[in-house]
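Here the structure comes first, spelled out in C-alpha cells, and everything after it is commentary.
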Amino acid sequence: MIGGMEQSQSSQGQTQSQSQSQTFDEMWGRENLLRPPYADLADWIEHEDPRRLRKKQREAEQVFRLTGITFNVYGQAAAAERLIPFDIIPRIIAGREWARLARGIEQRVRAINAFLHDIYHRQEIVRAGRLPAEMVARNDAFEPKMIGVTPPGGVYTHIVGTDLVRTGDDSFYVLEDNARTPSGVSYMLENRETMLHMFPELFSRNHVQPVSNYPRALRRSLAACAPPACTGTPRVAVLTPGIYNSAYYEHSFLADKMGVELVEGHDLRVVDGRVAMRTTQGYQPIDVLYRRIDDAYLDPMNFNPESALGVPGIMDVYRAGGITIANAPGTGVADDKAIYSYMPDIVEFYTGEKAILQNVPTWRCSDPSSLQYVLDNLAELVVKEVHGSGGYGMLIGPAASKKELSEFRRKLMARPGNYIAQPTLALSTVPILTNAGLAPRHVDLRPFVLVSPAGIDITPGGLTRVALKKGSLVVNSSQGGGTKDTWVLEE
Amino acid sequence: MLGKTAGGLYWMFRYLERSENTARLIAAGQRIALTRSSSADDEWMSVLQTAAVEQGYLAAYDGEVSRDNAIDWLLRDRDNSSSVMSVIEAARNNARVVRTALTREVWESVNEAWMTLKAALARKVPERDLPEVLALIRQRTAFVRGAMTGTMLRNDIYNFARIGTFIERADNTARILDVKYYVLLPSAIGVGSAVDNVQWESILRSVSAEGGFRLTYGQDARPREIAQFLILDKRMPRSLSFCADKIRDNLGYLVADYGDRMKSHDMADKMCLNVMSHGVDEIFELGLHEFIQGFLGNVAELGGQIEIDYRFSA
C-alpha cells in the first residue's frame with residue numbers, strides 16, 4: 001500500500017496547531033476508522049503499486065497541458081501559462097450525504113433569486129426590518145439600472161457556485177454564494193474525463209453519479225430564459241474577455257461543449273434593437289448571452305466608459321427585452337460578504353423554512369462592538385474583504401505572523417466597513433498522493449447550480465479544491481491550490 | 001460563423017504554412033552554404049529576402065549578414081514577427097481564439113507543436129542540431145495538417161483554413177522565384193555550370209520538389225522546366241497554378257454555401273486566368289520578373305479583399 005495513512009497523520013499531529021488537530025478526515029474520520037464511501041477506494045489503493053500511481057499522476061499533468069487546461073496569471077507574460085495541479089485521489093461523498101446537501105443548496109439558491117427580485121422591486125425584506133436599508137443602498141454591487149427590471153423567465157442567477165466546507169460527519173457550512181460568474185466547472189468536467197481515462201477500473205467498481213450532462217443542462221437552462229424578442233430557436237453565445245483572461249480555457253470549453261459561439265465585445269454591436277454578432281454573412285442577433293465579464297465592463301455606455309470588453313448599449317437592449325444576460329447584472333448584491341451574514345434570515349424570509357445549510361458565524365466589522373471583538377481575537381479569526389475574492393487580501397489569524405497581525409489591525413481600524421471576520425474553521429481533509437504516500441490536505445467544495453424557470457439543477461459533486469501545502473487552509477488556485485475529482489456515489 | 005473566427009482560421013493556417021516554408025528555406029540555404037565555397041553570406045541574404053524579413057534583420061544586426069545570425073533571426077527571434085517561433089505562437093494563439101471551430105485533435109496537434117517547438121527553440125540552435133530541428137518543424141506542422149484532413153468537417157471552417165494555407169503558399173513560392181529569377185533567365189546562361197546546378201537544385205529544394213521534379217522531368221534540372229514546374233504544373237502542390245486553383249475552389253465552396261458572390265471571387269478568377277493564360281516560353285518572353293511581381297500583387301490584393309468580404313474585423 002502507499003505510505004502509511006496512520007504514519008502521516010501522527011507525524012502531522014506533532015506539528016499541527018490546536019485547532020487543526022480536531023480535523024475531520026473524509027476518508028478516515030476523526031478516529032482513524034475507514035468511512036464507508038471510501039471502502040472500495042482504500043482496498044484498491046492497497047493493491048496498487050505506488051510507483052504506478054505516481055506515474056499516472058504525472059501522466060495526468062501531461063494530459064492537462066496538451067488539452068490546454070491552463071490558466072494565465074495576471075501580470076505575467078502570455079507564455080507563463082500554468083496548470084492547476086490535479087490530484088488523482090478522488091474525494092467521495094455518499095449519495096445520502098449529497099441528497100441533503102442538494103436540498104440545502106436548492107433552498108439557498110431559490111432564496112437568493114427571490115431576494116434579488118425583491119431587492120430590485122419592492123424591497124419587502126427591508127420594509128419588514130429584516131435587512132438594514134443601507135446594506136442595499138450603500139452596496140457597490142447594487143445596480144440601480146436593474147430597479148424594476150424583471151429578467152426573462154424571472155431568473156437572476158442562471159449559474160451559481162455555492163462554496164461549501166465540511167467540518168464533521170454531519171456539518172457543512174456555506175462559505176460563499178458565488179452569484180456573479182462562478183468559474184471552475186470546466187475543471188470539474190475535465191477532472192472526471194481524466195479519471196475515467198486513467199482509471200476505468202475504479203468506475204466499474206464504484207457507482208459514481210455522472211457529471212457530463214452539465215453542458216447540455218447549461219444550454220437548456222439558458223435557452224429556457226430566452227427574451228421576448230426571440231422568435232425561433234434561442235441563439236446562445238458565451239461572452240469572453242479574450243484569450244489572455246485567466247479563465248479563457250473555460251469560456252472556450254463551455255462554448256465548444258454547448259455548440260454555441262464564443263464571442264468577444266468587438267464581435268458584437270447593437271443592430272435594430274438587438275445585440276448582434278458579426279458573422280461572415282453579416283450581423284445576426286443573439287438571444288441569450290452567457291457573459292463571463294463583470295458587470296462594470298458589460299456596457300461602456302451605461303457602466304465603465306473605459307471598457308473595451310463589453311457592448312455599448314447592451315443594457316438598453318436588455319431592459320427592452322431584446323436579450324437575456326446571464327447572470328443578470330446586479331446579482332453581486334446577493335453574494336457579497338456583508339450580505340452573507342444575513343443569509344439565514346434571507347432564506348427564512350423567502351422560503352418560510354429554516355436554512356438547511358449552516359452559515360459560518362460572521363462578525364461585521366462595520367459594527368463597533370463586533371470590530372472590538374475582532375480586534376481582540378484577531379489571532380484566532382479569519383478576516384476577509386467584503387468584496388474580495390480569490391483568497392487575496394485575507395488574513396488567517398492562526399497562520400499569521402505578529403507583523404502581519406499588526407498590519408491587518410491597522411487596515412481594520414482604517415476601514416472597518418470593508419471587512420468581515422469569521423472563526424477559523426477546522427476544514428475537513430481528504431488524502432492526496434505525495435511522494436511519501438497519502439497525506440491529508442484541507443479541501444472545500446464548489447457545486448454548480450443551474451437555475452431556469454423549470455427548476456433548479458445541481459450537478460452531483462462539483463469542484464473540490466485542495467490546499468496542497470501541509471496544514472494550509474487556502475485552497476485558491478491563485479495561491480497554490482489544486483483540484484480533485486469529486487464523486488457522489490449512487491445510493 | 002463569426003467573422004473573427006474566419007479570420008482566426010485563415011491566419012492560423014497562414015502562420016502554420018509560413019513556419020514550414022521558413023524551415024524549408026533555411027534547409028535549402030544551409031545546403032547551398034555547405035556545398036559552395038564562396039559567397040555563402042550572399043545566399044543567406046537571399047534567404048532573408050525570400051522570407052521577406054531582411055529589413056528587420058539588417059536593422060537588428062547593423063547590416064552584417066552571417067549564417068548564425070540569419071538562422072537565429074529566421075528561427076527564434078521574437079523581434080522578427082515571421083520567425084518560426086513567432087508564427088508558431090501566433091498560430092496557436094489564433095487556434096485558441098477559434099478553439100470552438102476546431103476538433104480536439106487539431107487543437108491538440110497545434111498546442112503540441114507549440115509546446116515542442118518552444119522547447120526545441122528555447123536556445124540558439126547549434127549547427128549540428130539544425131537538421132533535426134528543421135525536421136521537427138516540418139513534422140509538427142504536418143501533424144496539424146493530418147489532424148485537419150482526418151477530423152474536420154468539409155464546411156466553411158475548412159474552406160477558410162484552406163484559403164489561408166494556399167494564399168501563404170502561393171506567396172511563398174512566388175517569392176522564391178522572385179528572389180532567384182535571375183538564375184533561371186536564359187540570358188544568364190552558363191548552362192550546366194556547377195554554380196547553376198546548385199542554384200537550380202536549391203530552388204527545388206526550397207519547395208521540397210527535387211523528387212517530384214526528377215520523376216516528371218528527369219535527371220537534369222533546366223531553367224525552363226523548373227519554371228514550368230513551379231509556375232504552371234497543376235500536379236505540383238506548391239506551384240502557383242495549383243495554389244491559385246485551390247484558392248478559387250475554396251472561395252467557390254463558400255459561394256455555394258453562403259449563396260453570395262463577392263468581389264474576392266472575381267479577383268480569384270482573374271488571378272487564375274493570369275497564371276494560366278501563358279505558356280512558360282511566353283512568360284520568359286514577357287519577362288519572368290514582371291510576371292512574378294504581378295502574381296505577388298494579385299495574391300496580396302486578394303488576401304486583403306477576402307478579409308473585407310468575410311468581415312474578419314469590425
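In the C-alpha cells, chains take letters A, B, ... by order of appearance, with residues numbered from 1 within each chain and ligands from 1 in the order shown.
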- Query: What residues in chain B have any atom no more than 6 Å from chain A when counting only C-alpha atoms, and can you write them as a list in words?
  - Reply: Met1, Leu2, Gly3, Thr100, Glu108, Tyr310 and Arg311 of chain B
Got time to write the residues from that selection, N, CA and C atoms, as a PDB file, in the first residue's frame?
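This is the output file result-v5.pdb:
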```pdb
ATOM      1  N   MET B   1     -20.921  31.528 -38.996  1.00  0.00           N
ATOM      2  CA  MET B   1     -19.611  31.618 -38.349  1.00  0.00           C
ATOM      3  C   MET B   1     -19.256  33.079 -38.102  1.00  0.00           C
ATOM      4  N   LEU B   2     -18.607  33.334 -36.960  1.00  0.00           N
ATOM      5  CA  LEU B   2     -18.169  34.691 -36.681  1.00  0.00           C
ATOM      6  C   LEU B   2     -17.103  35.121 -37.690  1.00  0.00           C
ATOM      7  N   GLY B   3     -17.134  36.398 -38.072  1.00  0.00           N
ATOM      8  CA  GLY B   3     -16.092  36.915 -38.936  1.00  0.00           C
ATOM      9  C   GLY B   3     -14.721  36.750 -38.302  1.00  0.00           C
ATOM     10  N   THR B 100     -13.347  26.755 -30.614  1.00  0.00           N
ATOM     11  CA  THR B 100     -14.648  26.087 -30.766  1.00  0.00           C
ATOM     12  C   THR B 100     -14.883  25.621 -32.199  1.00  0.00           C
ATOM     13  N   GLU B 108      -5.159  19.953 -30.299  1.00  0.00           N
ATOM     14  CA  GLU B 108      -4.045  19.346 -29.564  1.00  0.00           C
ATOM     15  C   GLU B 108      -2.786  19.274 -30.412  1.00  0.00           C
ATOM     16  N   TYR B 310     -15.420  38.853 -45.927  1.00  0.00           N
ATOM     17  CA  TYR B 310     -15.932  37.951 -44.892  1.00  0.00           C
ATOM     18  C   TYR B 310     -15.806  38.531 -43.491  1.00  0.00           C
ATOM     19  N   ARG B 311     -15.626  39.828 -43.404  1.00  0.00           N
ATOM     20  CA  ARG B 311     -15.748  40.565 -42.142  1.00  0.00           C
ATOM     21  C   ARG B 311     -14.857  40.017 -41.039  1.00  0.00           C
TER      22      ARG B 311
END
```
I'd like the neighbourhood of Pro223 in chain B as a PDB file with N, CA, C and O atoms, in the first residue's frame, where a residue qualifies if any of its atoms comes within 9 Å (using only C-alpha atoms), though same-chain residues fewer than 4 positions away should be ignored.
```pdb
ATOM      1  N   VAL B 183      18.638  33.433 -61.901  1.00  0.00           N
ATOM      2  CA  VAL B 183      19.398  32.220 -62.246  1.00  0.00           C
ATOM      3  C   VAL B 183      18.641  31.368 -63.255  1.00  0.00           C
ATOM      4  O   VAL B 183      19.188  30.425 -63.808  1.00  0.00           O
ATOM      5  N   LEU B 184      17.355  31.701 -63.462  1.00  0.00           N
ATOM      6  CA  LEU B 184      16.581  30.928 -64.427  1.00  0.00           C
ATOM      7  C   LEU B 184      16.559  31.583 -65.801  1.00  0.00           C
ATOM      8  O   LEU B 184      16.076  31.007 -66.766  1.00  0.00           O
ATOM      9  N   LEU B 185      17.060  32.823 -65.883  1.00  0.00           N
ATOM     10  CA  LEU B 185      16.971  33.540 -67.141  1.00  0.00           C
ATOM     11  C   LEU B 185      17.912  32.959 -68.186  1.00  0.00           C
ATOM     12  O   LEU B 185      19.063  32.647 -67.875  1.00  0.00           O
ATOM     13  N   PRO B 186      17.413  32.838 -69.404  1.00  0.00           N
ATOM     14  CA  PRO B 186      18.259  32.282 -70.476  1.00  0.00           C
ATOM     15  C   PRO B 186      19.489  33.150 -70.711  1.00  0.00           C
ATOM     16  O   PRO B 186      20.567  32.634 -71.038  1.00  0.00           O
ATOM     17  N   VAL B 191      24.921  27.650 -68.944  1.00  0.00           N
ATOM     18  CA  VAL B 191      24.094  26.494 -68.614  1.00  0.00           C
ATOM     19  C   VAL B 191      24.906  25.268 -68.241  1.00  0.00           C
ATOM     20  O   VAL B 191      25.871  24.934 -68.925  1.00  0.00           O
ATOM     21  N   TRP B 200      19.860  25.870 -59.056  1.00  0.00           N
ATOM     22  CA  TRP B 200      18.589  25.303 -59.519  1.00  0.00           C
ATOM     23  C   TRP B 200      18.065  24.263 -58.531  1.00  0.00           C
ATOM     24  O   TRP B 200      16.885  24.222 -58.216  1.00  0.00           O
ATOM     25  N   ALA B 227      10.887  26.442 -64.152  1.00  0.00           N
ATOM     26  CA  ALA B 227       9.855  27.477 -64.168  1.00  0.00           C
ATOM     27  C   ALA B 227       8.497  26.866 -64.497  1.00  0.00           C
ATOM     28  O   ALA B 227       7.482  27.167 -63.844  1.00  0.00           O
ATOM     29  N   GLN B 228       8.473  26.014 -65.477  1.00  0.00           N
ATOM     30  CA  GLN B 228       7.233  25.315 -65.847  1.00  0.00           C
ATOM     31  C   GLN B 228       6.646  24.584 -64.628  1.00  0.00           C
ATOM     32  O   GLN B 228       5.460  24.687 -64.333  1.00  0.00           O
TER      33      GLN B 228
END
```
- Task: Work out how far apart CA of Leu215 in chain B and CA of Arg248 in chain B are and give it in Å to one decimal.
- Result: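 Here the two named atoms are 27.8 Å from each other.
Proximity to Phe242 in chain B was assessed for B:Ser202, B:Ser46, B:Gln55, B:Thr173 counting only C-alpha atoms; the smallest distance is recorded for B:Thr173.
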- Item | Of the listed residues A:Ala39, A:Ile323, A:Val449, A:Val270, that which approaches Gly104 in chain A most closely, counting only C-alpha atoms |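 Distance minimum relative to Gly104 in chain A lands on A:Val449.
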- Item | Selection near range 86-88 of chain B, 7 Å with only C-alpha atoms, sequence-local residues under 2 positions removed, as an MDAnalysis selection string | chainID B and resid 15:16 19 78 81:84 90:92 114
- So how far away is CA of Val238 in chain A from CA of Arg291 in chain A, in Å?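 One can read the CA of Arg291 in chain A to CA of Val238 in chain A distance as 5.7 Å.
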